[in-house]
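Asks: What follows is a single structure, and I will ask about it in a moment.
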Amino acid sequence: GDTLDVTLHNALAEDTTVHWHGLMVDEANDGSGLHPVPANGERQYRFEVRNRAGLYWYHAHPHNRTGRQLQMGLAGLILVEDEEERALRAQLGLPWGERDLPLMLTDKQVDAGNAIVYRDEADDWIGNRVLANWTPEPAMTVAPGLYRLRMINVANARVLRPAFLHEGAPLPVRLIGTDGGLLDQPRIVDDLFLAPAQRADVLVDFGAVPAGARVLLRSLDYVAMENEDESGPLAPDIMADHPGAVMMGGALDLMVFDVEGVAAPPIHVPDTLSSLPPPPDTTGWKAREIRLSMGADGEWLINGLNFRSHGHHPAFEVKRGSREVWDIRNNMTSMPHPIHIHGVQFRVVSRSISPPDIRARQIADGGLGPQDLGFNDTVLVWPGEIVRVAIDFSQPFSGTQRYMLHCHNLEHEDMGMMLTFAVVD
C-alpha cells in the first residue's frame, strides 16, 4: 500500500535501469531495458506497492549489460510487510537484523589482484569466490536457537542447492516462504534448489546442535544437466574463463555459522502462516505454450525467437483481466533455465517429465514440491521438463503495457533468451 518514489541518477558511462524484481508495476516503472536511462541521465520510479509481504529485490536491467552490471554489484533488497507478516513476526519474536536476516548469496570471478572480472558474451558466468551480503568468506556467530534466514540467489548463473550441515548431516529446516511471500504452512526440507533470482524464507534451529558446534551452509552437489548439443559453441572448455571456480553442480561452501552461548528459549512455530489460497483450478483457462530451446548456431530461444533479432515488438498479447496457463517446455538438449516473468506473480500448478531429483521432492498433486506451493515470479525449468504456471492478468493499469519474459541466467538473457509480451485492454 505504500508509494515507492525513487530517482535514479545514472553516474555510469553506459545505460542502466532499475528493475523492481517481482513487484507488480506498470511498464513505465518496471525498469526493464525497454526504457534505458542514459549515462548522466535520471529517471523517477514512482508506484504503489501492491504485492503480498515478502523479500523482493531490485537490480540493473539494461539490454546486453545486465550480467556485467549485476556482477559488479548493482542489486539490493526490498522487504515488503503486511498484516500477516507482522503477525508472524510478533509470534516468532525474532528481531530483524539479529535473528531475522537476509542472505544475498552469490559467486564472483576474482583475479589475482582481488578485482571482480567479467567477460562480455561469455556463457554461464560462474565465480571462484562466494559472497554472502557482499562479504567474502562469510561467517557468523549464532545463539543456540531459532533463526529466520531469507535467502536469495543473486548470482549471474549458478544454481545453488543450499543445505545446513552439522558434521556432514543436514539439519532439517522449515521452508515458510518463497518469492511472493509466506506459504500457508511450514514445510520441512533438508535442502532446496535456489536458482538465480529465487528466494527461500527458512527457519533454522541452531539449538538442535550443541554449543560450540559449527554449522556449514553448503550448496550440495547435483546433476547440472547441461545437455547442450556438443556441436554448439559451448563445447570448448567452459571453465577457461573461470579459473578456480567450482563447476556448475559441484559442492560449494557458502557460509559458516558458529553456535555459541546459552540456549535461547524454544519458540513455537504456528501451523498456519498465512491465508494463502491453494493453486487455482485452471479448467477453461486459455493455455499458452512457452518453448525453451537452443538454435542451430548455439543461440538461446524462447518460442523459436531471440531478442536480439525480435526486440521490443511484443511476441504476443494478453487481454487485461484474463487468466492464462503457460506450459513452459524445456528441450532435453538444453540446460536448467530459471524463467522470470515481469509484472506478475504466478502459481505453479504442475510439473511433468521432471528429472528424478525433482520428482523425489513431490509433496502435492501435479508433481509439486515445497517451493512450488506459494506465489513465485521465477521458476526453474529443467531439461525435458514441462512446468505449468497459472497467471492472473488483472491489473489496474490501462493501455498497452509491455513486459519481459526471460531466463534469469543473466548471460542467457543478455544473449537474447528474452521476449517482449504485452498486456492490452
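Residues in the C-alpha cells are numbered from 1 in each chain, the chains being A, B, ... in the order shown, and ligands are numbered from 1 in the order shown.
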Quick one: residues within 9 Å of Val173 in chain A, only C-alpha atoms counted, chain neighbours fewer than 4 positions away excluded, as a PyMOL selection string?
Replies: chain A and resi 163-164+187-191+202-205
Asks: Of the residues A:Met415, A:Ile341, A:Met335, A:Met404, which is the one nearest to Glu226 in chain A, using only C-alpha atoms?
Replies: A:Met335
Asks: With a distance cut-off of 9 Å and only C-alpha atoms, select the neighbouring residues of Thr272 in chain A, excluding the residue or stretch itself and same-chain residues fewer than 4 positions from it, and output the selection as JSON, numbers by chain.
Replies: {"A": [183, 184, 185, 186]}
Asks: Once you have the residues from the selection above, write them out as a PDB file, in the first residue's frame, restricted to N, CA, C and O atoms.
Replies:
```pdb
ATOM      1  N   LEU A 183       4.166 -19.127   2.734  1.00  0.00           N
ATOM      2  CA  LEU A 183       3.339 -20.285   2.426  1.00  0.00           C
ATOM      3  C   LEU A 183       2.182 -20.351   3.413  1.00  0.00           C
ATOM      4  O   LEU A 183       2.116 -19.594   4.389  1.00  0.00           O
ATOM      5  N   ASP A 184       1.257 -21.292   3.180  1.00  0.00           N
ATOM      6  CA  ASP A 184       0.147 -21.442   4.124  1.00  0.00           C
ATOM      7  C   ASP A 184       0.595 -22.114   5.409  1.00  0.00           C
ATOM      8  O   ASP A 184       0.081 -21.830   6.490  1.00  0.00           O
ATOM      9  N   GLN A 185       1.618 -22.986   5.309  1.00  0.00           N
ATOM     10  CA  GLN A 185       2.119 -23.699   6.474  1.00  0.00           C
ATOM     11  C   GLN A 185       3.593 -24.028   6.273  1.00  0.00           C
ATOM     12  O   GLN A 185       4.084 -24.055   5.140  1.00  0.00           O
ATOM     13  N   PRO A 186       4.336 -24.265   7.346  1.00  0.00           N
ATOM     14  CA  PRO A 186       5.747 -24.618   7.184  1.00  0.00           C
ATOM     15  C   PRO A 186       5.908 -25.985   6.510  1.00  0.00           C
ATOM     16  O   PRO A 186       5.089 -26.886   6.703  1.00  0.00           O
TER      17      PRO A 186
END
```
Asks: Which neighbours of Trp57 in chain A fall inside 7 Å, counting only C-alpha atoms, when residues of the same chain fewer than 2 positions from it are skipped, and could you give them as a list in words?
Replies: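 Here the answer would be Trp20, His21, Leu55, His59, Gly76, Leu77 and Ile78 of chain A.
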Asks: Just the selected residues (C-alpha atoms), exported as a compact mmCIF listing (two decimals), in the first residue's frame, please.
Replies:
```txt
# COMPACT_ATOMS: atom_id res chain seq x y z
CA TRP A 20 11.81 -3.91 -9.35
CA HIS A 21 12.01 -7.69 -9.46
CA LEU A 55 11.52 -10.41 0.15
CA HIS A 59 18.68 -4.68 -9.92
CA GLY A 76 19.65 -4.65 -3.46
CA LEU A 77 16.74 -5.89 -1.38
CA ILE A 78 13.24 -4.65 -0.57
```
Asks: Might you pull out every residue within 6 Å of range 141-157 of chain A, with only C-alpha atoms counted and same-chain residues fewer than 6 positions away left off, and present them as a ChimeraX atom specification?
Replies: /A:99-107,124-125,196-207,257-261,263-264,409-410
